[in-house]
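Notes follow once the structure below has been shown.
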Amino acid sequence: MTLADLEHSVTRGYRDIEEVKRYTGFGTGPCQGKECLAQVAIQLAVLTGQRPEEIPPFTSRPPLAPTPIKLLARAPDAHRFDDDKEGERPTRSAAEGGTQVDRGDE
Amino acid sequence: MTREKRDSELDLDEGEDPAKADVSGEIRLPPTVESTGQVPERAEIAIVGGGVIGLSIAYHLAKRGLYDVVVLERGYLAEGASGRNGGGVRQQWSTEINIRLMQESVDLCRRFAVELGVNVWFRQGGYLFLARSAKELARLERNCTVQNRFGVDTKMLEPERAREIVPELDLTGIVGAAYNSSDGILFPWPFLWGYARQAASYGVRIFTQTAVTGLDPMSGGGYQVHTPRGTVRARRVINATGAWSPALAKMIGVDVPTYPIRHEICSSEPLKPFLRPMVSELSSGLYCSQSMRGEIVGGVTIPGHASTYAMGSTLEFLTTYARRLVRLMPILGDIKILRQWAGPYDQSPDGNPIVGAAEGHPDFFLACGFVGHGFMMAPIVGKLYADWLTGERPHEIFERYTLGRFAGGGASHEKEDFNIG
């Protein structure tokens, strides 16, 4: 992420910090914004004439630090689920009428 | 006589005239989106919703010469499911119509970077569906037969053959697989910038931070579309607000039977490319693929979530995903999760989208109910919508995927059973 990337984003009209994140990709790398967020916010304030306090940080994404999948897989009772029911999909009665709901959409 | 072109002779982007290039170092780009100022007083078409469906329709309308269009987005582009999906693009569906639509969408994705001038990191690494039971296998076989009939080269594979494609698989419990090598993945965000920028270059005006607060029918047809930035008098309105579609339709008394389903996804640290296809197991709804940035991006079915617009992430998702992933590909246990997020998919009762005008409201069009597949369907649906609204004969989706199919209760319609992975 460079200052030019930010200028580019702002001139295209993507001026909200969430938009800047998506347009430039900043904050989605290894530090998840911990190092770059404040710097970008300050420059964004300068470029858009906003006061810094008008620019909230973007939504933080868990986990707090990069976490190995095997540790998460071993987490004791963080959740419970029946082991695979052969070929069954979860069913749920929606308010708008009972229906089967698949939620593994990609 | 032919010879290889030297670098200096390679075709340049037609939009860039090197003689006129600005070398001052200053950035002077035309805005793509407007987050301030007043909306225009009138427009031929107002598209509500700046997600991939609304922007695809806007782009294709403009490309066909109908550029008197405004897009009204409540927040920012990609705020809903368009910015929160897993980026899968597959042709492995269960019904002829969806298979045919997705064949055309994949074709459009292949040309997207050239046509729209943006790199969407599209990669056709295939889709590998895994079955853990005879019933799941039969489902894959049934779908495979339909797919083959309509020209999708899906193959049924023995577990050992599946492991030749993905050597990291633990085959314990796997009874078979379906594989189509021309399915793929893309990076959703740039897709939106591409559609938006090209639509804007034709004259479409795209307003962000502009919520629609009311719709008033006008006596001669069309609607007054009220926003905090003024009122647009639009001859036609298209509802492309994804999971929020029922609320907009309700403003004119139309009931849309879709509801939001929270879907969660997570992404790993970037790794050297090793995983070719999107891998999915039917039993758990687990899926994962390796993006062009190297991250493993995936999700899993979490049973029992209430219908909600909440976008918070859960530990339950992360641990469920982790257990399922480690069971299927044990070696992935050592990679690290960098981030997780959530968003609402627009669930329709039969798993198929809702398009066309609402009955009794010929100027109010729906483009919703895409159940988390709006991204992969947007290229073709936007094109078909624009063709129709600029005078072409309506494609059959506008007869089959109508809101009216849910009326009367007893109407028989095709149910899409392959809304997973």
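Chains: A, B, ... in order of the structure tokens. Residues: from 1 per chain. Ligands: from 1, in order shown.
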
Which chain B residues have any atom within 6 Å of an atom of chain A, and for each, what is the nearest pair of atoms with distance in Å to one decimal, counting only C-alpha atoms, rows sorted by chain and number, as a Markdown table?
| residue | atom | partner | partner_atom | distance |
| --- | --- | --- | --- | --- |
| B:Leu29 | CA | A:Thr11 | CA | 5.9 |
| B:Pro31 | CA | A:Arg12 | CA | 4.0 |
| B:Thr32 | CA | A:Arg12 | CA | 5.1 |
| B:Val33 | CA | A:Gly13 | CA | 4.9 |
| B:Glu34 | CA | A:Gly13 | CA | 5.9 |
| B:Gly86 | CA | A:Glu106 | CA | 4.8 |
| B:Gly88 | CA | A:Glu106 | CA | 5.6 |
| B:Ser133 | CA | A:Glu86 | CA | 6.0 |
| B:Lys135 | CA | A:Gly87 | CA | 5.8 |
| B:Glu136 | CA | A:Gly87 | CA | 5.4 |
| B:Ser283 | CA | A:Gly87 | CA | 5.8 |
| B:Gly285 | CA | A:Gly104 | CA | 4.4 |
| B:Val300 | CA | A:Gly104 | CA | 5.3 |
| B:Thr301 | CA | A:Gly104 | CA | 4.7 |
| B:Pro303 | CA | A:Pro90 | CA | 5.8 |
| B:Glu316 | CA | A:His79 | CA | 5.2 |
| B:Thr319 | CA | A:Leu72 | CA | 5.0 |
| B:Ala322 | CA | A:Ala73 | CA | 4.7 |
| B:Arg323 | CA | A:Ala73 | CA | 4.4 |
| B:Gly333 | CA | A:Lys70 | CA | 4.3 |
| B:Asp334 | CA | A:Pro68 | CA | 5.5 |
| B:Ile335 | CA | A:Pro68 | CA | 5.3 |
| B:Lys336 | CA | A:Pro68 | CA | 4.0 |
| B:Ile337 | CA | A:Thr67 | CA | 5.2 |
| B:Leu338 | CA | A:Pro66 | CA | 4.8 |
| B:Arg339 | CA | A:Arg61 | CA | 5.4 |
| B:Gln340 | CA | A:Arg61 | CA | 5.8 |
| B:Gly372 | CA | A:Asp105 | CA | 5.7 |
| B:Asn419 | CA | A:Asp105 | CA | 6.0 |
| B:Ile420 | CA | A:Gly104 | CA | 4.7 |
| B:Gly421 | CA | A:Asp105 | CA | 5.3 |

task: Give me the residues within 10 Å of Ala38 (chain A) as a ChimeraX atom specification, counting only C-alpha atoms and dropping any in the same chain fewer than 5 places off.
output: /A:33,43-44,52,55-57

Resulting file, chosen residues, N, CA and C atoms, as a PDB file, in the first residue's frame:
ATOM      1  N   GLY A  33      -3.806  -4.976   9.325  1.00  0.00           N
ATOM      2  CA  GLY A  33      -4.053  -3.570   9.587  1.00  0.00           C
ATOM      3  C   GLY A  33      -3.423  -3.034  10.863  1.00  0.00           C
ATOM      4  N   GLN A  43      -3.636   9.749   6.515  1.00  0.00           N
ATOM      5  CA  GLN A  43      -3.516  10.254   5.143  1.00  0.00           C
ATOM      6  C   GLN A  43      -4.884  10.430   4.499  1.00  0.00           C
ATOM      7  N   LEU A  44      -5.813   9.532   4.847  1.00  0.00           N
ATOM      8  CA  LEU A  44      -7.174   9.649   4.318  1.00  0.00           C
ATOM      9  C   LEU A  44      -7.828  10.932   4.829  1.00  0.00           C
ATOM     10  N   PRO A  52      -9.610  13.568  11.821  1.00  0.00           N
ATOM     11  CA  PRO A  52      -9.256  12.168  12.089  1.00  0.00           C
ATOM     12  C   PRO A  52     -10.320  11.425  12.897  1.00  0.00           C
ATOM     13  N   ILE A  55     -13.006   9.412  11.197  1.00  0.00           N
ATOM     14  CA  ILE A  55     -12.665   8.188  10.471  1.00  0.00           C
ATOM     15  C   ILE A  55     -12.506   7.044  11.463  1.00  0.00           C
ATOM     16  N   PRO A  56     -13.518   6.203  11.573  1.00  0.00           N
ATOM     17  CA  PRO A  56     -13.394   5.076  12.492  1.00  0.00           C
ATOM     18  C   PRO A  56     -12.503   4.001  11.874  1.00  0.00           C
ATOM     19  N   PRO A  57     -11.909   3.153  12.693  1.00  0.00           N
ATOM     20  CA  PRO A  57     -11.152   2.032  12.121  1.00  0.00           C
ATOM     21  C   PRO A  57     -12.100   1.084  11.394  1.00  0.00           C
TER      22      PRO A  57
END

message: Need to verify the contact set: region 397-401 of chain B, 6 Å, only C-alpha atoms, exclusion of same-chain residues closer than 4 positions in sequence. Can you return it as a PyMOL selection string?
response: chain B and resi 354-356

- request: Find the residues near Thr172 (chain B): any atom within 9 Å, counting only C-alpha atoms, skip ones fewer than 2 places away on the same chain, and give them as a PyMOL selection string.
  value: chain B and resi 132+169-170+174-175+327-328

Best match for closeness to Val212 (chain B) among B:Phe129, B:Trp244, B:Phe187, B:Tyr345, counting only C-alpha atoms: B:Trp244

- prompt: Which value, in Å to one decimal, gives the distance between CA of Met251 (chain B) and CA of Ile45 (chain B)?
  reply: 17.5 Å

field: Pick from B:Pro394, B:Pro273, B:Pro260, B:Gly203, whichever lies nearest to Ala62 (chain B) using only C-alpha atoms
entry: B:Gly203

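Residues surrounding Ile42 (chain A) within 12 Å are Leu3, Leu6, Ile17, Cys36, Thr48, Gly49, Gln50, Arg51, Pro52, Glu53, Glu54, Ile55, Pro56 and Pro57 of chain A [only C-alpha atoms; sequence separation below 6 positions excluded].
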
Would you mind exporting the chosen residues as a compact mmCIF listing (two decimals), in the first residue's frame, restricted to C-alpha atoms?
# COMPACT_ATOMS: atom_id res chain seq x y z
CA LEU A 3 0.27 6.89 -0.80
CA LEU A 6 -4.65 5.80 -1.50
CA ILE A 17 -12.09 3.48 5.14
CA CYS A 36 -0.97 0.29 8.56
CA THR A 48 -10.54 14.10 2.16
CA GLY A 49 -10.42 17.07 4.53
CA GLN A 50 -12.02 15.10 7.31
CA ARG A 51 -11.09 15.30 10.95
CA PRO A 52 -9.26 12.17 12.09
CA GLU A 53 -11.94 11.44 14.67
CA GLU A 54 -14.48 11.21 11.84
CA ILE A 55 -12.66 8.19 10.47
CA PRO A 56 -13.39 5.08 12.49
CA PRO A 57 -11.15 2.03 12.12

- request: Measure the distance from CA of Leu186 (chain B) to CA of Ser284 (chain B) in Å and round it to one decimal.
  value: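 Between CA of Leu186 (chain B) and CA of Ser284 (chain B) the gap works out to 23.1 Å.
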
message: Show me, as a list in words, the residues that have an atom within 8 Å of region 146-162 of chain B when counting only C-alpha atoms, minus same-chain residues fewer than 3 positions from it.
response: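 Neighbouring residues, sequence-local ones excluded: Gln91, Gln92, Trp93, Ser94, Thr95, Glu96, Ile99, Arg100, Gln103, Leu128, Leu140, Glu141, Arg142, Asn143, Ile165, Val166, Leu171, Ile174, Val175, Gly176, Ala177, Ala178, Tyr179, Asn180 and Ser181 of chain B.
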
Output N, CA and C atoms for every residue in the selection just made, as a JSON list (two decimals), in the first residue's frame.
[["chain", "number", "residue", "atom", "x", "y", "z"],
["B", 91, "GLN", "N", -19.82, -24.84, -12.78],
["B", 91, "GLN", "CA", -20.88, -25.26, -13.70],
["B", 91, "GLN", "C", -21.55, -26.54, -13.21],
["B", 92, "GLN", "N", -21.07, -27.06, -12.09],
["B", 92, "GLN", "CA", -21.66, -28.28, -11.55],
["B", 92, "GLN", "C", -22.93, -27.91, -10.77],
["B", 93, "TRP", "N", -24.05, -27.92, -11.48],
["B", 93, "TRP", "CA", -25.35, -27.66, -10.88],
["B", 93, "TRP", "C", -26.26, -28.85, -11.15],
["B", 94, "SER", "N", -27.50, -28.79, -10.67],
["B", 94, "SER", "CA", -28.36, -29.96, -10.80],
["B", 94, "SER", "C", -29.46, -29.80, -11.84],
["B", 95, "THR", "N", -29.68, -28.57, -12.35],
["B", 95, "THR", "CA", -30.75, -28.39, -13.33],
["B", 95, "THR", "C", -30.18, -27.82, -14.63],
["B", 96, "GLU", "N", -30.83, -28.14, -15.73],
["B", 96, "GLU", "CA", -30.35, -27.71, -17.04],
["B", 96, "GLU", "C", -30.18, -26.19, -17.10],
["B", 99, "ILE", "N", -27.17, -24.97, -15.18],
["B", 99, "ILE", "CA", -25.94, -25.42, -15.84],
["B", 99, "ILE", "C", -25.65, -24.54, -17.05],
["B", 100, "ARG", "N", -26.68, -24.30, -17.85],
["B", 100, "ARG", "CA", -26.49, -23.47, -19.05],
["B", 100, "ARG", "C", -26.10, -22.04, -18.69],
["B", 103, "GLN", "N", -22.48, -22.02, -17.62],
["B", 103, "GLN", "CA", -21.53, -22.17, -18.72],
["B", 103, "GLN", "C", -21.26, -20.81, -19.35],
["B", 128, "LEU", "N", -13.77, -29.96, -7.08],
["B", 128, "LEU", "CA", -13.78, -31.37, -6.70],
["B", 128, "LEU", "C", -14.78, -31.56, -5.55],
["B", 140, "LEU", "N", -24.24, -36.97, -6.60],
["B", 140, "LEU", "CA", -23.21, -36.48, -7.51],
["B", 140, "LEU", "C", -23.37, -37.13, -8.89],
["B", 141, "GLU", "N", -23.65, -38.43, -8.90],
["B", 141, "GLU", "CA", -23.79, -39.14, -10.18],
["B", 141, "GLU", "C", -24.98, -38.61, -10.98],
["B", 142, "ARG", "N", -26.08, -38.38, -10.28],
["B", 142, "ARG", "CA", -27.27, -37.85, -10.94],
["B", 142, "ARG", "C", -26.96, -36.49, -11.57],
["B", 143, "ASN", "N", -26.32, -35.63, -10.79],
["B", 143, "ASN", "CA", -25.99, -34.30, -11.30],
["B", 143, "ASN", "C", -24.98, -34.37, -12.44],
["B", 165, "ILE", "N", -5.46, -35.64, -7.90],
["B", 165, "ILE", "CA", -5.66, -34.20, -8.14],
["B", 165, "ILE", "C", -5.30, -33.39, -6.89],
["B", 166, "VAL", "N", -5.65, -33.93, -5.73],
["B", 166, "VAL", "CA", -5.32, -33.26, -4.46],
["B", 166, "VAL", "C", -4.62, -34.27, -3.55],
["B", 171, "LEU", "N", -8.27, -40.01, 2.53],
["B", 171, "LEU", "CA", -9.41, -40.66, 1.87],
["B", 171, "LEU", "C", -10.28, -41.48, 2.82],
["B", 174, "ILE", "N", -14.08, -41.47, 2.38],
["B", 174, "ILE", "CA", -14.49, -40.90, 1.09],
["B", 174, "ILE", "C", -14.85, -42.05, 0.14],
["B", 175, "VAL", "N", -16.03, -41.97, -0.46],
["B", 175, "VAL", "CA", -16.46, -43.07, -1.34],
["B", 175, "VAL", "C", -16.43, -42.71, -2.82],
["B", 176, "GLY", "N", -16.27, -41.46, -3.12],
["B", 176, "GLY", "CA", -16.21, -41.07, -4.53],
["B", 176, "GLY", "C", -16.20, -39.56, -4.67],
["B", 177, "ALA", "N", -16.02, -39.11, -5.92],
["B", 177, "ALA", "CA", -15.90, -37.67, -6.15],
["B", 177, "ALA", "C", -16.41, -37.31, -7.53],
["B", 178, "ALA", "N", -16.77, -36.05, -7.68],
["B", 178, "ALA", "CA", -17.10, -35.49, -9.00],
["B", 178, "ALA", "C", -16.16, -34.33, -9.24],
["B", 179, "TYR", "N", -15.64, -34.25, -10.47],
["B", 179, "TYR", "CA", -14.62, -33.24, -10.76],
["B", 179, "TYR", "C", -14.88, -32.62, -12.13],
["B", 180, "ASN", "N", -14.89, -31.30, -12.17],
["B", 180, "ASN", "CA", -14.94, -30.61, -13.45],
["B", 180, "ASN", "C", -13.80, -29.60, -13.49],
["B", 181, "SER", "N", -12.92, -29.79, -14.46],
["B", 181, "SER", "CA", -11.67, -29.01, -14.47],
["B", 181, "SER", "C", -11.86, -27.57, -14.90]]

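Residue nearest Thr2 (chain A), chosen from A:Val40, A:Leu47, A:Lys34, A:Phe58 and counting only C-alpha atoms: A:Val40.
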
- request: Enumerate as a ChimeraX atom specification all residues of region 95-236 of chain B assigned to helix (DSSP H, G or I) by DSSP on the backbone, naming them with the chain letters and numbers the document uses.
  value: /B:96-116,134-149,159-165,188-202

query: Can you tell me, as a PyMOL selection string, what residues are no more than 7 Å from Arg262 (chain B) when counting only C-alpha atoms, ignoring any on the same chain fewer than 6 positions away?
result: chain B and resi 307-309+342-345

Let's have the selection written as a compact mmCIF listing (two decimals), in the first residue's frame, with C-alpha atoms.
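Done, and the output landed in part.txt:
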# COMPACT_ATOMS: atom_id res chain seq x y z
CA SER B 307 -32.03 -15.95 10.05
CA THR B 308 -30.11 -12.74 10.71
CA TYR B 309 -28.44 -9.73 9.16
CA ALA B 342 -19.49 -13.02 7.79
CA GLY B 343 -22.32 -11.72 5.66
CA PRO B 344 -25.95 -12.35 4.78
CA TYR B 345 -26.83 -14.49 1.77

- request: From a DSSP calculation on the backbone, collect every residue of region 288-345 of chain B in strand (DSSP E or B) and output the set as a list in words.
  value: Cys288, Ser289, Gln290, Ile296, Val297, Gly298, Gly299, Lys336, Ile337, Leu338, Arg339, Gln340, Trp341, Ala342, Gly343, Pro344 and Tyr345 of chain B

Let me see the file: selected residues, C-alpha atoms, as a PDB file, in the first residue's frame.
ATOM      1  CA  CYS B 288     -11.902 -24.460   0.454  1.00  0.00           C
ATOM      2  CA  SER B 289      -9.811 -23.160  -2.397  1.00  0.00           C
ATOM      3  CA  GLN B 290      -6.493 -21.425  -2.796  1.00  0.00           C
ATOM      4  CA  ILE B 296      -6.773 -20.883   1.651  1.00  0.00           C
ATOM      5  CA  VAL B 297     -10.291 -19.433   1.628  1.00  0.00           C
ATOM      6  CA  GLY B 298     -13.156 -21.564   2.846  1.00  0.00           C
ATOM      7  CA  GLY B 299     -16.307 -22.120   4.813  1.00  0.00           C
ATOM      8  CA  LYS B 336      -2.583 -20.232  10.189  1.00  0.00           C
ATOM      9  CA  ILE B 337      -5.927 -18.479   9.933  1.00  0.00           C
ATOM     10  CA  LEU B 338      -5.460 -14.748   9.328  1.00  0.00           C
ATOM     11  CA  ARG B 339      -9.006 -13.488   9.206  1.00  0.00           C
ATOM     12  CA  GLN B 340     -12.652 -14.457   9.279  1.00  0.00           C
ATOM     13  CA  TRP B 341     -15.765 -12.559   8.292  1.00  0.00           C
ATOM     14  CA  ALA B 342     -19.493 -13.017   7.793  1.00  0.00           C
ATOM     15  CA  GLY B 343     -22.318 -11.723   5.655  1.00  0.00           C
ATOM     16  CA  PRO B 344     -25.948 -12.354   4.780  1.00  0.00           C
ATOM     17  CA  TYR B 345     -26.833 -14.490   1.774  1.00  0.00           C
TER      18      TYR B 345
END
